[in-house]
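Structure first, then comments.
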Amino acid sequence: MVAAAPRPHGGSPRGRRPAGDDPGVKAHDLPPAPTPLPPGSEPVIRVHDDPAGIDAAAWNALLAAQPSPTPFLRHEYLLAMQRSRSAVASTGWSAAFVTVEQDGRLLAACPLYLKTHSYGEYVFDWAWADAYERHGLAYYPKLLGAVPFTPVPGTRLLAVDEAARDLLVQAIAAFARQAKLSSAHLLFFDETDRAAFERAGWLLREGVQFHWTAPQGQPWPSFEAFLASLQREKRKKIQQERRKVAEAGVSFTVHHGEQIDDDLWDFFHRCYTLTYRAHHSRPYLQRAFFTEMARHMPQHWLLFVAWQGEGAQRQRIGASLIALDPQRQVAYGRYWGATAYVPCLHFEACYYQPLAWCIANGYQRFEGGAQGEHKMARGLLPVKTASAHWLADRRFASAVADFLEQEGAGIGAYVDELKERNPFKPPG
């Protein structure tokens, strides 16, 4: 049997063990993998209630070998979620990271959480939870494989090969069964992960995001060249929006890595919390999370600060934080906020300034985050995302499968419709 799950609010059913001290199970407790594992002793599967119990160097080395690694799956990032108390039991995120080891070598790993709600996921299953409740069943806690509050596609099943990846998927489902959970969900994974879930018979779901991509072979030499590639009405709208910001006396400074000092982090976090307050909600990330980022991952952050006025009257009024993957030349729109209202400031801070920076610095892709059809008018095009779902109750699994089949057809039609509204000029 799979090692016991930690309770949703801390500790295991038999008392809390130190992180990483779970005795694990032998691989013969699971069905055989479709392809053989490397020769050696039987792999051991462990469940960790704190990522601190997992060797950081081994985790990051395994991540670097994946088809689609992102900075958000680095050990430092996930540990910061825990240490800052942003994603912990008291906020509805109890760590239950699964690892597969053989002879001291990390073969596979996945960041998992026991969730007592569905906030901060960006793949919506509230209706499924409601259906469970109407039938007198508990949907929560559920098992979630995701980066907290971070809808960025990438590899989720870290594995040395296909066999280890298949074993990891089996271990996740076995863990959910042993813990008597309603379901398990893996979000925003890549094509390699998708194939593993298909082999295991999980239900697959599609979504849509909007990404900007530089042209292959002939990248735009400037933001003006990018604008010139757009259809006339889209180009004019962007120029009008940028003019409104400039006429309001707003300018920007750009700060990368260690240039973002404590004062700038404080100002940004103030802006970030104001965004949530404006929507009558509580911010997900604690200030301590950004302290951890500044200490352990500074090179992955870029901050745009909006200023208004001149001379002694000049003051900061907004900030937009962008995550970077310098090695793969990818930027990710993450968080923003403002202390004063200026028309179109959001578009300037979150799209036009970052896109201009990406073009100037040779970046190949800018991901704008979850949802947002309005992003198409600003040069970000639709990209499908994927999630996988395992439900313990066969009746609900059948009903959800029917729903996903209908939803998938709708998503396909929606993407086809979006492609017909391409904001760029036709080629030629």
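Naming works like this for the structure tokens: A, B, ... for the chains as they're shown, residue 1 at the start of each chain, ligands 1 onward in shown order.
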Q: Can you pull out every residue within 12 Å of Trp93 (chain A), counting only C-alpha atoms, but drop anything in the same chain fewer than 5 positions away, and send it as a ChimeraX atom specification?
A: /A:6-10,49-50,78,81-82,85-88,111-121,140-149,284
Q: Would you mind writing down, as a count of residues only, each residue of region 78-253 of chain A that DSSP on the backbone assigns to alpha helix (DSSP H)?
A: 64
Q. CA of Phe304 (chain A) to CA of Trp212 (chain A): how many Å, to one decimal?
A.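 Those two atoms sit 18.5 Å apart.
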Q) Quick one: residues within 9 Å of region 64-75 of chain A, only C-alpha atoms counted, chain neighbours fewer than 2 positions away excluded, as number ranges by chain? A) A: 51-52, 54-57, 59-62, 77-80, 111, 147, 150, 152-160, 189-192, 297, 300, 323-325, 328
Selected residues, C-alpha atoms, written as a compact mmCIF listing (two decimals), in the first residue's frame, please.
# COMPACT_ATOMS: atom_id res chain seq x y z
CA PRO A 51 9.41 19.80 0.13
CA ALA A 52 12.30 20.56 2.49
CA ILE A 54 13.49 16.32 -0.71
CA ASP A 55 17.04 16.87 -1.93
CA ALA A 56 16.95 20.20 -3.79
CA ALA A 57 19.87 19.43 -6.12
CA TRP A 59 14.95 17.67 -7.74
CA ASN A 60 16.34 20.52 -9.84
CA ALA A 61 18.57 18.17 -11.85
CA LEU A 62 15.55 16.00 -12.65
CA TYR A 77 10.01 28.14 -5.75
CA LEU A 78 7.94 25.34 -4.25
CA LEU A 79 9.79 25.56 -0.93
CA ALA A 80 9.13 29.30 -0.82
CA PRO A 111 4.41 18.34 -6.49
CA VAL A 147 2.15 24.81 -8.88
CA THR A 150 0.54 29.54 -11.10
CA VAL A 152 1.89 28.13 -16.37
CA PRO A 153 2.10 25.07 -18.69
CA GLY A 154 5.10 22.79 -18.34
CA THR A 155 6.23 19.35 -17.24
CA ARG A 156 4.49 18.19 -14.05
CA LEU A 157 5.59 14.54 -13.96
CA LEU A 158 9.33 14.77 -13.44
CA ALA A 159 10.84 11.46 -14.53
CA VAL A 160 14.04 9.97 -15.91
CA PHE A 189 1.17 19.74 -18.12
CA ASP A 190 3.04 19.16 -21.38
CA GLU A 191 2.58 16.62 -24.20
CA THR A 192 4.90 14.06 -22.59
CA MET A 297 15.77 33.16 -7.43
CA HIS A 300 13.99 35.07 -12.57
CA ALA A 323 8.83 36.03 -14.24
CA LEU A 324 11.70 35.07 -16.53
CA ASP A 325 13.30 31.92 -17.81
CA ARG A 328 14.78 29.37 -22.62
Q. Hey, which of A:Ala58, A:Phe197, A:Gly136, A:Leu63 ends up closest to Leu106 (chain A)? Count only C-alpha atoms.
A. A:Ala58
Q: Check the smallest atom-to-atom distance from each of A:Arg83, A:Arg243, A:Gly201, A:Gln178 to Arg287 (chain A) using only C-alpha atoms, then report the winner.
A: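 Smallest distance to Arg287 (chain A) is found for A:Arg83.
Among the candidate residues A:Trp336, A:Val342, A:His374, A:Leu204, the one lying nearest to Leu274 (chain A) is A:Trp336, with distances computed using only C-alpha atoms.
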(Q) With distances taken over only C-alpha atoms, which residue among A:Glu247, A:Pro423, A:Asp393, A:His211 lies nearest Phe226 (chain A)? (A)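 Distance minimum relative to Phe226 (chain A) lands on A:Pro423.
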Q.
For Ile260 (chain A), find every residue with an atom within 9 Å (counting only C-alpha atoms), except residues of its own chain fewer than 5 positions away, and show them as number ranges by chain.
A. A: 255, 265, 294, 298, 301-303
Mind dumping the selected residues with N, CA and C atoms as a PDB file, in the first residue's frame?
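Written output follows (part32.pdb):
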ATOM      1  N   HIS A 255      13.487  47.051 -13.533  1.00  0.00           N
ATOM      2  CA  HIS A 255      14.423  46.539 -12.533  1.00  0.00           C
ATOM      3  C   HIS A 255      14.484  45.020 -12.642  1.00  0.00           C
ATOM      4  N   TRP A 265      10.347  45.732  -3.567  1.00  0.00           N
ATOM      5  CA  TRP A 265       9.504  44.580  -3.266  1.00  0.00           C
ATOM      6  C   TRP A 265       8.331  45.002  -2.374  1.00  0.00           C
ATOM      7  N   ALA A 294      13.619  36.845  -3.756  1.00  0.00           N
ATOM      8  CA  ALA A 294      14.758  37.765  -3.845  1.00  0.00           C
ATOM      9  C   ALA A 294      16.046  37.102  -3.363  1.00  0.00           C
ATOM     10  N   PRO A 298      16.596  35.474  -7.665  1.00  0.00           N
ATOM     11  CA  PRO A 298      16.448  36.869  -8.120  1.00  0.00           C
ATOM     12  C   PRO A 298      16.505  37.024  -9.630  1.00  0.00           C
ATOM     13  N   TRP A 301      13.218  37.337 -12.015  1.00  0.00           N
ATOM     14  CA  TRP A 301      12.169  38.339 -11.817  1.00  0.00           C
ATOM     15  C   TRP A 301      12.531  39.672 -12.462  1.00  0.00           C
ATOM     16  N   LEU A 302      11.507  40.276 -13.058  1.00  0.00           N
ATOM     17  CA  LEU A 302      11.634  41.565 -13.741  1.00  0.00           C
ATOM     18  C   LEU A 302      10.470  42.435 -13.287  1.00  0.00           C
ATOM     19  N   LEU A 303      10.775  43.642 -12.817  1.00  0.00           N
ATOM     20  CA  LEU A 303       9.750  44.523 -12.267  1.00  0.00           C
ATOM     21  C   LEU A 303       9.667  45.813 -13.065  1.00  0.00           C
TER      22      LEU A 303
END
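Between Met376 (chain A) and the candidates A:His48, A:Lys234, A:His279, A:Lys180, the tightest atom-to-atom separation, counting only C-alpha atoms, involves A:Lys234.
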Q) For Arg105 (chain A), which of A:Glu224, A:Gly408, A:Glu42, A:Val254 is the closest residue, counting only C-alpha atoms? A) A:Glu42
